[in-house]
Amino acid sequence: MKTLKEYLAESKKVYSFKIKVAGDLPEKFQENLKVKLDRCKVMTLEKVATTPVQKLPLDFPTLENKEVTVFEVVCEYPITGPEIVSNIKDMGISEDCFRVRGSGEPSELDQLLVDDEPSGQALLNDSQYKETTAVKHKEYFGDDFNKGFLKDLEKSAKARKKEGMQTEYKLPKTKTDKAGANSPIGAKELR
């Protein structure tokens with residue numbers, strides 16, 4: 001049987017974040033960030049990856065030709081993304097140059113699926129509607145379509161008759177109530 005300490009050790013919650021910094025890092029950035037986040041008992045703060053220089057980095061649409069350095073932070077005590085953002089801003093880095101994402105937020109792969117690059121042109125300004133699929137209008141409406149539709153209905157009704165299925169719905173006969181047919185006062189005429 002497990003002791004209480006073992007149960008508590010298993011149920012320990014951690015708070016993990018990814019910090020992305022675009023451009024050149026200040027000297028001792030990693031050490032200074034660890035000191036700033038020390039009150040949250042940082043378990044790990046490690047540099048995970050550095051992307052090559054990209055014309056438009058993924059999370060930084062306003063910056064051009066920058067490399068992105070990704071750090072992963074895991075803390076024992078609760079901390080939020082905005083708290084980490086304010087700590088990094090205190091270190092003198094512009095908010096345009098970094099992003100903080102929690103472990104529950106969408107990942108880069110999810111963001112790639114969402115970020116379909118639009119053409120930049122309004123589709124309604126195109127009088128020819130070039131991006132629409134070609135539709136044969138006779139197949140969807142008009143006299144020919146209506147005649148074909150009625151023929152299909154007739155064929156399906158015949159098929160149901162052959163199978164012995166009911167083709168028409170008949171209302172059940174209603175019973176007339178004779179109790180209210182005579183007047184309660186009497187049936188004699190007044191003269």
# chains A, B, ... in the order shown; residues from 1 in each chain; ligands from 1

$ residues_around --residues "Val48 of chain A" --least-positions-apart "2" --cutoff "8 Å" --atoms "only C-alpha atoms" --output "list in words"
Glu46, Thr50, Thr69, Val70, Phe71 and Glu72 of chain A

$ residues_around --residues "Leu25 of chain A" --least-positions-apart "3" --cutoff "12 Å" --atoms "only C-alpha atoms" --output "number ranges by chain"
A: 20-22, 28-33, 47, 50, 66-71, 88, 91-94, 97-98

$ closest_residue --among "A:Val135, A:Val53, A:Val14, A:Leu63" --to "Tyr77 of chain A" --atoms "only C-alpha atoms"
A:Val14
